[in-house]
$ cat work32.cif   # mmCIF, C-alpha atoms
data_final
#
loop_
_atom_site.label_atom_id
_atom_site.label_comp_id
_atom_site.auth_asym_id
_atom_site.auth_seq_id
_atom_site.Cartn_x
_atom_site.Cartn_y
_atom_site.Cartn_z
CA MET A 1 -29.54 -12.58 -12.33
CA SER A 2 -26.04 -12.11 -10.93
CA ARG A 3 -24.76 -8.64 -10.17
CA ARG A 4 -22.17 -7.26 -12.52
CA ARG A 5 -18.80 -6.72 -10.88
CA LYS A 6 -17.61 -3.17 -10.60
CA GLY A 7 -14.14 -2.47 -11.90
CA ARG A 8 -11.88 -4.01 -14.49
CA ASP A 9 -9.78 -7.16 -14.56
CA VAL A 10 -6.40 -6.35 -13.02
CA ASN A 11 -3.94 -9.17 -12.39
CA GLY A 12 -0.73 -9.02 -10.39
CA ILE A 13 0.82 -7.88 -7.12
CA LEU A 14 1.44 -4.30 -6.03
CA VAL A 15 3.67 -3.80 -2.98
CA ILE A 16 2.77 -0.80 -0.85
CA ASP A 17 4.83 0.97 1.80
CA LYS A 18 1.99 1.27 4.29
CA PRO A 19 1.95 4.58 6.19
CA GLN A 20 1.28 4.82 9.92
CA GLY A 21 -2.17 5.51 11.33
CA VAL A 22 -4.29 3.69 8.74
CA THR A 23 -5.57 0.13 8.52
CA SER A 24 -4.35 -2.36 5.94
CA ASN A 25 -7.90 -2.74 4.65
CA GLY A 26 -8.16 1.03 4.28
CA ILE A 27 -5.02 0.99 2.13
CA LEU A 28 -6.38 -1.94 0.11
CA GLN A 29 -9.63 -0.12 -0.66
CA GLN A 30 -7.78 3.07 -1.59
CA VAL A 31 -5.42 1.29 -3.99
CA LYS A 32 -8.23 -0.83 -5.41
CA ARG A 33 -10.06 2.40 -6.27
CA LEU A 34 -6.95 3.94 -7.83
CA MET A 35 -6.43 0.81 -9.92
CA GLY A 36 -10.11 0.57 -10.86
CA ALA A 37 -9.80 -3.12 -10.00
CA ALA A 38 -12.68 -5.54 -9.64
CA LYS A 39 -10.97 -7.97 -7.26
CA ALA A 40 -8.23 -7.40 -4.68
CA GLY A 41 -6.97 -8.62 -1.32
CA HIS A 42 -4.01 -8.23 1.02
CA THR A 43 -1.74 -10.90 2.46
CA GLY A 44 -1.91 -10.26 6.19
CA ALA A 45 -2.81 -7.07 7.99
CA LEU A 46 -0.42 -4.65 9.63
CA ASP A 47 -1.62 -2.77 12.72
CA PRO A 48 -2.40 0.93 12.21
CA LEU A 49 0.75 1.73 14.23
CA ALA A 50 2.91 -0.30 11.84
CA THR A 51 4.42 0.78 8.53
CA GLY A 52 6.19 -0.97 5.70
CA VAL A 53 5.81 -3.81 3.23
CA LEU A 54 2.18 -4.64 2.42
CA PRO A 55 1.73 -6.78 -0.72
CA LEU A 56 -1.67 -6.35 -2.37
CA CYS A 57 -2.99 -9.03 -4.72
CA PHE A 58 -5.24 -8.30 -7.69
CA GLY A 59 -7.32 -10.65 -9.81
CA GLU A 60 -5.63 -13.98 -10.46
CA ALA A 61 -2.90 -13.20 -7.91
CA THR A 62 -5.47 -13.41 -5.08
CA LYS A 63 -5.38 -17.19 -5.54
CA PHE A 64 -1.95 -17.17 -3.88
CA SER A 65 -2.79 -14.91 -0.93
CA GLN A 66 -2.76 -17.75 1.60
CA LEU A 67 0.62 -19.04 0.41
CA MET A 68 2.00 -15.51 0.73
CA LEU A 69 0.46 -15.16 4.19
CA ASP A 70 2.35 -18.30 5.24
CA SER A 71 5.74 -16.83 4.27
CA ASP A 72 8.46 -15.50 6.57
CA LYS A 73 8.48 -11.83 7.62
CA ALA A 74 11.09 -9.28 8.76
CA TYR A 75 10.67 -6.19 10.95
CA ILE A 76 12.50 -3.37 12.65
CA THR A 77 10.93 -2.40 15.95
CA THR A 78 11.52 -0.04 18.87
CA ALA A 79 10.85 -1.40 22.36
CA HIS A 80 10.14 1.11 25.13
CA LEU A 81 11.31 -0.41 28.40
CA GLY A 82 9.78 0.11 31.83
CA VAL A 83 6.18 0.60 30.67
CA SER A 84 3.60 -2.09 29.92
CA THR A 85 0.37 -1.32 28.07
CA GLU A 86 -2.93 -3.11 27.49
CA THR A 87 -2.22 -3.71 23.83
CA GLY A 88 1.55 -4.23 23.94
CA ASP A 89 2.06 -1.06 21.90
CA SER A 90 1.85 2.69 22.37
CA GLU A 91 -1.83 2.80 21.37
CA GLY A 92 -2.91 1.04 24.56
CA ALA A 93 -3.42 2.39 28.07
CA VAL A 94 -0.52 2.05 30.49
CA VAL A 95 -1.10 -0.79 32.97
CA GLU A 96 2.24 -0.92 34.80
CA GLU A 97 5.49 1.00 35.16
CA LYS A 98 8.74 -0.36 36.58
CA PRO A 99 12.29 0.98 36.76
CA VAL A 100 14.57 0.01 33.91
CA PRO A 101 17.71 -1.86 35.03
CA SER A 102 20.83 0.26 34.80
CA GLY A 103 23.78 -0.68 32.64
CA LEU A 104 21.89 -2.30 29.77
CA THR A 105 24.80 -2.68 27.40
CA PRO A 106 24.84 -4.98 24.35
CA GLU A 107 26.96 -7.42 26.40
CA VAL A 108 24.27 -7.55 29.09
CA LEU A 109 21.38 -7.77 26.62
CA GLU A 110 22.73 -10.47 24.32
CA PRO A 111 22.16 -13.40 26.73
CA ILE A 112 18.59 -12.17 27.29
CA LEU A 113 17.88 -11.86 23.57
CA ASP A 114 19.41 -15.26 22.94
CA ARG A 115 16.56 -16.86 24.91
CA PHE A 116 14.19 -15.77 22.15
CA ARG A 117 16.20 -16.92 19.14
CA GLY A 118 15.32 -20.10 17.28
CA ALA A 119 12.20 -22.16 17.95
CA ILE A 120 10.14 -20.70 20.80
CA GLU A 121 6.61 -20.83 22.20
CA GLN A 122 4.64 -17.59 22.08
CA VAL A 123 1.26 -16.67 23.59
CA PRO A 124 -0.63 -14.43 21.12
CA SER A 125 -1.78 -11.02 22.30
CA MET A 126 -5.41 -10.53 23.28
CA TYR A 127 -5.30 -7.59 20.86
CA SER A 128 -4.51 -9.81 17.88
CA ALA A 129 -6.79 -10.68 14.96
CA LEU A 130 -6.78 -14.40 15.85
CA LYS A 131 -10.33 -15.66 16.06
CA HIS A 132 -12.17 -17.38 18.90
CA LYS A 133 -15.65 -18.71 18.06
CA GLY A 134 -15.68 -16.63 14.91
CA ARG A 135 -14.69 -13.33 16.52
CA PRO A 136 -11.24 -11.72 16.59
CA LEU A 137 -9.58 -11.67 20.00
CA TYR A 138 -9.33 -7.88 20.03
CA GLU A 139 -13.14 -7.63 20.14
CA TYR A 140 -13.20 -9.67 23.34
CA ALA A 141 -10.32 -7.58 24.74
CA ARG A 142 -12.22 -4.34 24.13
CA GLU A 143 -15.13 -5.82 26.08
CA GLY A 144 -12.83 -6.69 28.98
CA ILE A 145 -13.09 -10.43 28.31
CA GLU A 146 -9.92 -12.50 28.65
CA ILE A 147 -9.73 -15.62 26.45
CA GLU A 148 -7.28 -18.40 27.31
CA ARG A 149 -4.71 -18.59 24.53
CA PRO A 150 -2.44 -21.62 24.19
CA ALA A 151 1.20 -20.91 23.33
CA ARG A 152 2.04 -21.48 19.69
CA PRO A 153 5.36 -22.53 18.15
CA VAL A 154 7.14 -19.86 16.10
CA THR A 155 10.73 -19.49 14.94
CA ILE A 156 12.84 -16.36 15.33
CA TYR A 157 15.52 -16.68 12.66
CA GLU A 158 17.15 -13.37 13.55
CA LEU A 159 16.89 -11.14 16.62
CA ARG A 160 19.53 -8.46 16.27
CA LEU A 161 20.15 -5.54 18.60
CA LEU A 162 20.50 -2.39 16.49
CA ALA A 163 20.70 0.29 19.18
CA VAL A 164 20.41 0.81 22.95
CA ARG A 165 19.23 4.05 24.55
CA ASP A 166 18.25 4.91 28.13
CA ASN A 167 14.90 3.14 28.00
CA GLU A 168 14.65 1.96 24.37
CA LEU A 169 15.94 -0.89 22.23
CA ASP A 170 15.91 -1.02 18.44
CA LEU A 171 15.64 -4.60 17.21
CA ALA A 172 15.70 -6.33 13.82
CA VAL A 173 13.56 -9.48 13.68
CA THR A 174 13.17 -12.13 11.00
CA CYS A 175 10.57 -14.75 11.85
CA THR A 176 8.01 -17.28 10.71
CA LYS A 177 4.37 -16.50 10.06
CA GLY A 178 2.20 -16.00 13.13
CA THR A 179 4.92 -14.28 15.17
CA TYR A 180 3.63 -11.29 17.13
CA ILE A 181 6.31 -8.65 17.55
CA ARG A 182 4.30 -7.02 20.35
CA SER A 183 4.31 -10.29 22.26
CA LEU A 184 8.03 -10.74 21.61
CA VAL A 185 8.79 -7.25 22.95
CA GLU A 186 6.56 -7.84 25.98
CA ASP A 187 8.36 -11.12 26.70
CA ILE A 188 11.77 -9.44 26.40
CA GLY A 189 10.59 -6.74 28.80
CA GLU A 190 9.42 -9.39 31.25
CA ALA A 191 12.78 -11.16 31.00
CA LEU A 192 14.47 -7.85 31.85
CA GLY A 193 12.12 -7.44 34.83
CA CYS A 194 10.75 -4.07 33.76
CA GLY A 195 8.14 -4.71 31.08
CA ALA A 196 8.11 -3.18 27.59
CA HIS A 197 5.89 -2.17 24.72
CA VAL A 198 6.28 -1.39 21.02
CA THR A 199 6.48 2.27 20.01
CA ALA A 200 7.49 1.74 16.37
CA LEU A 201 7.16 -1.19 13.99
CA ARG A 202 8.24 -1.33 10.36
CA ARG A 203 7.88 -4.45 8.23
CA THR A 204 10.89 -4.68 5.95
CA MET A 205 10.11 -7.97 4.20
CA ALA A 206 7.06 -10.09 3.42
CA SER A 207 6.53 -12.80 0.80
CA GLY A 208 10.08 -12.16 -0.40
CA TYR A 209 9.33 -8.49 -1.14
CA THR A 210 11.32 -5.72 0.55
CA LEU A 211 10.99 -1.97 0.89
CA GLU A 212 12.85 -1.65 -2.42
CA ASN A 213 9.79 -3.16 -4.11
CA ALA A 214 7.31 -0.93 -2.27
CA HIS A 215 5.49 2.16 -3.52
CA GLU A 216 4.09 5.00 -1.43
CA ILE A 217 0.42 5.91 -1.72
CA GLN A 218 1.31 9.47 -2.67
CA GLN A 219 3.28 8.17 -5.66
CA LEU A 220 0.19 6.30 -6.87
CA GLU A 221 -2.01 9.36 -6.33
CA ASN A 222 0.41 11.52 -8.31
CA LEU A 223 0.54 9.07 -11.22
CA ARG A 224 -3.26 8.89 -11.41
CA ALA A 225 -3.52 12.70 -11.22
CA GLU A 226 -1.19 12.84 -14.25
CA GLY A 227 -3.39 10.37 -16.11
CA GLU A 228 -0.83 7.56 -15.91
CA SER A 229 -1.78 3.90 -15.62
CA LEU A 230 -0.61 2.04 -12.53
CA ASP A 231 -0.55 -1.32 -14.31
CA GLY A 232 3.15 -1.00 -15.04
CA LEU A 233 3.87 -1.19 -11.31
CA LEU A 234 2.31 -4.66 -11.00
CA LEU A 235 4.51 -7.67 -10.33
CA PRO A 236 3.54 -11.14 -11.62
CA PRO A 237 2.12 -13.54 -9.01
CA ASP A 238 4.96 -16.03 -9.37
CA SER A 239 7.34 -13.36 -8.05
CA ALA A 240 5.89 -14.12 -4.60
CA LEU A 241 6.38 -17.87 -4.95
CA ALA A 242 10.14 -18.16 -5.34
CA MET A 243 10.28 -20.37 -2.23
CA PHE A 244 8.79 -23.22 -4.32
CA PRO A 245 10.75 -25.24 -6.91
CA GLU A 246 10.09 -24.53 -10.60
CA VAL A 247 8.73 -27.23 -12.90
CA ARG A 248 8.38 -26.73 -16.66
CA LEU A 249 5.85 -28.92 -18.41
CA PRO A 250 5.59 -30.01 -22.05
CA GLU A 251 2.46 -28.95 -23.91
CA PRO A 252 0.39 -32.14 -23.37
CA ALA A 253 1.03 -32.04 -19.60
CA SER A 254 0.24 -28.31 -19.49
CA VAL A 255 -3.11 -28.94 -21.16
CA SER A 256 -3.93 -31.71 -18.69
CA ILE A 257 -3.01 -29.58 -15.67
CA LEU A 258 -5.06 -26.63 -16.92
CA ASN A 259 -8.01 -29.01 -17.28
CA GLY A 260 -7.62 -29.87 -13.59
CA GLN A 261 -6.06 -33.29 -14.18
CA PRO A 262 -2.94 -34.48 -12.28
CA VAL A 263 0.10 -35.43 -14.33
CA ARG A 264 3.05 -37.69 -13.62
CA ILE A 265 6.66 -36.68 -14.25
CA PRO A 266 10.09 -38.19 -13.47
CA GLY A 267 11.74 -36.86 -10.31
CA SER A 268 10.93 -38.48 -6.99
CA SER A 269 12.90 -35.79 -5.12
CA LEU A 270 10.07 -33.32 -5.65
CA SER A 271 7.69 -32.97 -2.72
CA GLY A 272 5.24 -30.27 -1.63
CA TYR A 273 4.23 -27.19 -3.59
CA VAL A 274 5.90 -26.35 -6.91
CA ARG A 275 5.55 -23.53 -9.45
CA LEU A 276 4.30 -24.74 -12.81
CA TYR A 277 5.24 -23.23 -16.17
CA GLY A 278 4.21 -24.10 -19.70
CA ALA A 279 6.14 -23.21 -22.81
CA ASP A 280 5.64 -19.47 -22.42
CA ARG A 281 3.81 -18.65 -19.19
CA PHE A 282 3.18 -19.31 -15.51
CA LEU A 283 0.41 -21.87 -14.99
CA GLY A 284 -0.01 -21.89 -11.22
CA VAL A 285 0.90 -24.03 -8.23
CA ALA A 286 0.67 -27.78 -7.88
CA GLU A 287 1.46 -30.22 -5.10
CA ALA A 288 4.16 -32.76 -5.89
CA LEU A 289 3.36 -36.20 -4.46
CA PRO A 290 6.35 -38.61 -4.67
CA ASP A 291 5.60 -42.08 -5.99
CA GLY A 292 8.64 -44.27 -6.55
CA GLU A 293 10.79 -42.94 -9.39
CA GLU A 294 8.07 -40.50 -10.40
CA CYS A 295 5.90 -37.93 -8.73
CA GLU A 296 2.34 -36.86 -9.35
CA LEU A 297 1.63 -33.16 -9.79
CA ALA A 298 -1.81 -32.37 -8.44
CA PRO A 299 -3.10 -28.91 -9.45
CA ARG A 300 -3.89 -26.65 -6.50
CA ARG A 301 -4.03 -23.01 -7.74
CA LEU A 302 -4.13 -22.28 -11.47
CA VAL A 303 -4.20 -18.96 -13.28
CA LYS A 304 -6.15 -18.01 -16.37
CA ASN A 305 -4.27 -17.07 -19.49
CA SER A 306 -4.71 -13.34 -19.02
CA GLY A 307 -1.63 -12.42 -21.03
CA LYS A 308 -0.11 -10.67 -17.99
CA PHE A 309 1.84 -13.69 -16.78
#
$ encode --input "work32.cif" --output "structure tokens"
Amino acid sequence: MSRRRKGRDVNGILVIDKPQGVTSNGILQQVKRLMGAAKAGHTGALDPLATGVLPLCFGEATKFSQLMLDSDKAYITTAHLGVSTETGDSEGAVVEEKPVPSGLTPEVLEPILDRFRGAIEQVPSMYSALKHKGRPLYEYAREGIEIERPARPVTIYELRLLAVRDNELDLAVTCTKGTYIRSLVEDIGEALGCGAHVTALRRTMASGYTLENAHEIQQLENLRAEGESLDGLLLPPDSALAMFPEVRLPEPASVSILNGQPVRIPGSSLSGYVRLYGADRFLGVAEALPDGEECELAPRRLVKNSGKF
């Protein structure tokens, strides 16, 4: 006999402004409890040091977590120059100190920063959650074990200098998935010849959501204390999928798709993932496979008709 799930069916996305000093999973469990939800997940962890945009998926929206994880991100970070740490941030032990070059003006820094704009290769930090033989790298790092990590391609769409102080830089970064801001700051410090580590990191955009969409935990606590439902704060799952073209299907094709059957439609220009809609609701995501003057829509992630979407 299967165990009965605890909690109620909650469907949608709630964007949290994650506070500093707590884990993303800790926030997820706290919000899941406040929502009384049976099923929830996040779309990529932020380090305890980091704050900012953390989209949480509930119910049917969890089907799109991986697609959201693959989206571009944006951050504001503070790099402390002249000090390198084990972890690449202020939570790690200091391993080296070097003098900071004098006269670091924006004119001097721009050519350095330009080396890291566009498509680059980046070696992930040993204190990342990337897995090696089923274990995250940070577990090996805590045991003093160094794992060889091949450089990975990432793209830095924007690397903007916001402020320069004696031994600190404030930077705005927009990048592809898998970019480690700690590694980027360490590499910039190495290019300057003095080392660097992250002292502040705030995610300002993820999955198309910004801080304007985000809610603070205290706000949720206050609403629950007043007996208010949090369901009105939920966003529909397709709000995180705007990067994919929209396709509206007639009723017969909608029925076929919802039964797991591919359908063919005119439009050979379609390729890759698309958002599917029926007459009055979001159906899910399909993969468009061009075939001459038509394309086949193969269902990949479909949502139940919960009434929310």
$ closest_residue --input "work32.cif" --among "A:Lys18, A:Arg224, A:His197, A:Lys73" --to "Thr51 (chain A)" --atoms "all atoms listed in the file"
A:Lys18
$ closest_residue --input "work32.cif" --among "A:Glu216, A:Glu110, A:Glu97, A:Glu226" --to "Leu171 (chain A)" --atoms "only C-alpha atoms"
A:Glu110
$ resolve_selection --input "work32.cif" --expression "the PyMOL selection byres ((chain A and resi 135-143) around 12)" --output "MDAnalysis selection string"
chainID A and resid 47 86:87 92:93 124:134 144:149
$ write_last_selection --input "work32.cif" --atoms "C-alpha atoms" --output "PDB file, keeping the file's coordinate frame"
ATOM      1  CA  ASP A  47      -1.620  -2.770  12.720  1.00  0.00           C
ATOM      2  CA  GLU A  86      -2.930  -3.110  27.490  1.00  0.00           C
ATOM      3  CA  THR A  87      -2.220  -3.710  23.830  1.00  0.00           C
ATOM      4  CA  GLY A  92      -2.910   1.040  24.560  1.00  0.00           C
ATOM      5  CA  ALA A  93      -3.420   2.390  28.070  1.00  0.00           C
ATOM      6  CA  PRO A 124      -0.630 -14.430  21.120  1.00  0.00           C
ATOM      7  CA  SER A 125      -1.780 -11.020  22.300  1.00  0.00           C
ATOM      8  CA  MET A 126      -5.410 -10.530  23.280  1.00  0.00           C
ATOM      9  CA  TYR A 127      -5.300  -7.590  20.860  1.00  0.00           C
ATOM     10  CA  SER A 128      -4.510  -9.810  17.880  1.00  0.00           C
ATOM     11  CA  ALA A 129      -6.790 -10.680  14.960  1.00  0.00           C
ATOM     12  CA  LEU A 130      -6.780 -14.400  15.850  1.00  0.00           C
ATOM     13  CA  LYS A 131     -10.330 -15.660  16.060  1.00  0.00           C
ATOM     14  CA  HIS A 132     -12.170 -17.380  18.900  1.00  0.00           C
ATOM     15  CA  LYS A 133     -15.650 -18.710  18.060  1.00  0.00           C
ATOM     16  CA  GLY A 134     -15.680 -16.630  14.910  1.00  0.00           C
ATOM     17  CA  GLY A 144     -12.830  -6.690  28.980  1.00  0.00           C
ATOM     18  CA  ILE A 145     -13.090 -10.430  28.310  1.00  0.00           C
ATOM     19  CA  GLU A 146      -9.920 -12.500  28.650  1.00  0.00           C
ATOM     20  CA  ILE A 147      -9.730 -15.620  26.450  1.00  0.00           C
ATOM     21  CA  GLU A 148      -7.280 -18.400  27.310  1.00  0.00           C
ATOM     22  CA  ARG A 149      -4.710 -18.590  24.530  1.00  0.00           C
TER      23      ARG A 149
END
$ atom_distance --input "work32.cif" --atom1 "CA of Ala40 (chain A)" --atom2 "CA of Gln66 (chain A)"
13.3 Å
$ resolve_selection --input "work32.cif" --expression "the PyMOL selection byres ((chain A and resi 59) around 10)" --output "list in words"
Arg8, Asp9, Val10, Asn11, Gly12, Ile13, Ala37, Ala38, Lys39, Ala40, Gly41, Cys57, Phe58, Glu60, Ala61, Thr62, Lys63, Pro237, Val303, Lys304 and Ser306 of chain A
$ resolve_selection --input "work32.cif" --expression "the PyMOL selection byres ((chain A and resi 268-282) around 6)" --output "list in words"
Phe244, Pro245, Glu246, Val247, Arg248, Leu249, Ser254, Gly267, Leu283, Gly284, Val285, Ala286, Glu287, Ala288, Leu289, Pro290, Glu293, Glu294, Cys295 and Phe309 of chain A
$ atom_distance --input "work32.cif" --atom1 "CA of Asp17 (chain A)" --atom2 "CA of Pro153 (chain A)"
28.6 Å
$ atom_distance --input "work32.cif" --atom1 "CA of Leu56 (chain A)" --atom2 "CA of Leu28 (chain A)"
6.9 Å
$ closest_residue --input "work32.cif" --among "A:Val108, A:Ile181, A:Ala172, A:Gly118" --to "Ile156 (chain A)" --atoms "all atoms listed in the file"
A:Gly118
$ closest_residue --input "work32.cif" --among "A:Leu220, A:Leu211, A:Leu201, A:Ile188" --to "Arg33 (chain A)" --atoms "all atoms listed in the file"
A:Leu220
$ closest_residue --input "work32.cif" --among "A:Ile16, A:Ile120, A:Ala200, A:Ala163" --to "Pro48 (chain A)" --atoms "only C-alpha atoms"
A:Ala200
$ residues_around --input "work32.cif" --residues "Asn213 (chain A)" --least-positions-apart "6" --cutoff "12 Å" --atoms "all atoms listed in the file" --output "ChimeraX atom specification"
/A:13-17,52-55,204-207,233-235,239-240
$ residues_around --input "work32.cif" --residues "Val83 (chain A)" --least-positions-apart "3" --cutoff "12 Å" --atoms "all atoms listed in the file" --output "PDB file with C-alpha atoms, in the coordinates of the input"
ATOM      1  CA  ALA A  79      10.850  -1.400  22.360  1.00  0.00           C
ATOM      2  CA  HIS A  80      10.140   1.110  25.130  1.00  0.00           C
ATOM      3  CA  GLU A  86      -2.930  -3.110  27.490  1.00  0.00           C
ATOM      4  CA  THR A  87      -2.220  -3.710  23.830  1.00  0.00           C
ATOM      5  CA  GLY A  88       1.550  -4.230  23.940  1.00  0.00           C
ATOM      6  CA  ASP A  89       2.060  -1.060  21.900  1.00  0.00           C
ATOM      7  CA  SER A  90       1.850   2.690  22.370  1.00  0.00           C
ATOM      8  CA  GLY A  92      -2.910   1.040  24.560  1.00  0.00           C
ATOM      9  CA  ALA A  93      -3.420   2.390  28.070  1.00  0.00           C
ATOM     10  CA  VAL A  94      -0.520   2.050  30.490  1.00  0.00           C
ATOM     11  CA  VAL A  95      -1.100  -0.790  32.970  1.00  0.00           C
ATOM     12  CA  GLU A  96       2.240  -0.920  34.800  1.00  0.00           C
ATOM     13  CA  GLU A  97       5.490   1.000  35.160  1.00  0.00           C
ATOM     14  CA  LYS A  98       8.740  -0.360  36.580  1.00  0.00           C
ATOM     15  CA  PRO A  99      12.290   0.980  36.760  1.00  0.00           C
ATOM     16  CA  VAL A 100      14.570   0.010  33.910  1.00  0.00           C
ATOM     17  CA  ASN A 167      14.900   3.140  28.000  1.00  0.00           C
ATOM     18  CA  GLU A 168      14.650   1.960  24.370  1.00  0.00           C
ATOM     19  CA  VAL A 185       8.790  -7.250  22.950  1.00  0.00           C
ATOM     20  CA  GLU A 186       6.560  -7.840  25.980  1.00  0.00           C
ATOM     21  CA  GLY A 189      10.590  -6.740  28.800  1.00  0.00           C
ATOM     22  CA  GLU A 190       9.420  -9.390  31.250  1.00  0.00           C
ATOM     23  CA  LEU A 192      14.470  -7.850  31.850  1.00  0.00           C
ATOM     24  CA  GLY A 193      12.120  -7.440  34.830  1.00  0.00           C
ATOM     25  CA  CYS A 194      10.750  -4.070  33.760  1.00  0.00           C
ATOM     26  CA  GLY A 195       8.140  -4.710  31.080  1.00  0.00           C
ATOM     27  CA  ALA A 196       8.110  -3.180  27.590  1.00  0.00           C
ATOM     28  CA  HIS A 197       5.890  -2.170  24.720  1.00  0.00           C
ATOM     29  CA  VAL A 198       6.280  -1.390  21.020  1.00  0.00           C
ATOM     30  CA  THR A 199       6.480   2.270  20.010  1.00  0.00           C
TER      31      THR A 199
END
$ residues_near_point --input "work32.cif" --point "(20.3, -5.3, 12.0)" --cutoff "9 Å" --atoms "only C-alpha atoms" --output "PyMOL selection string"
chain A and resi 76+158-162+170-173
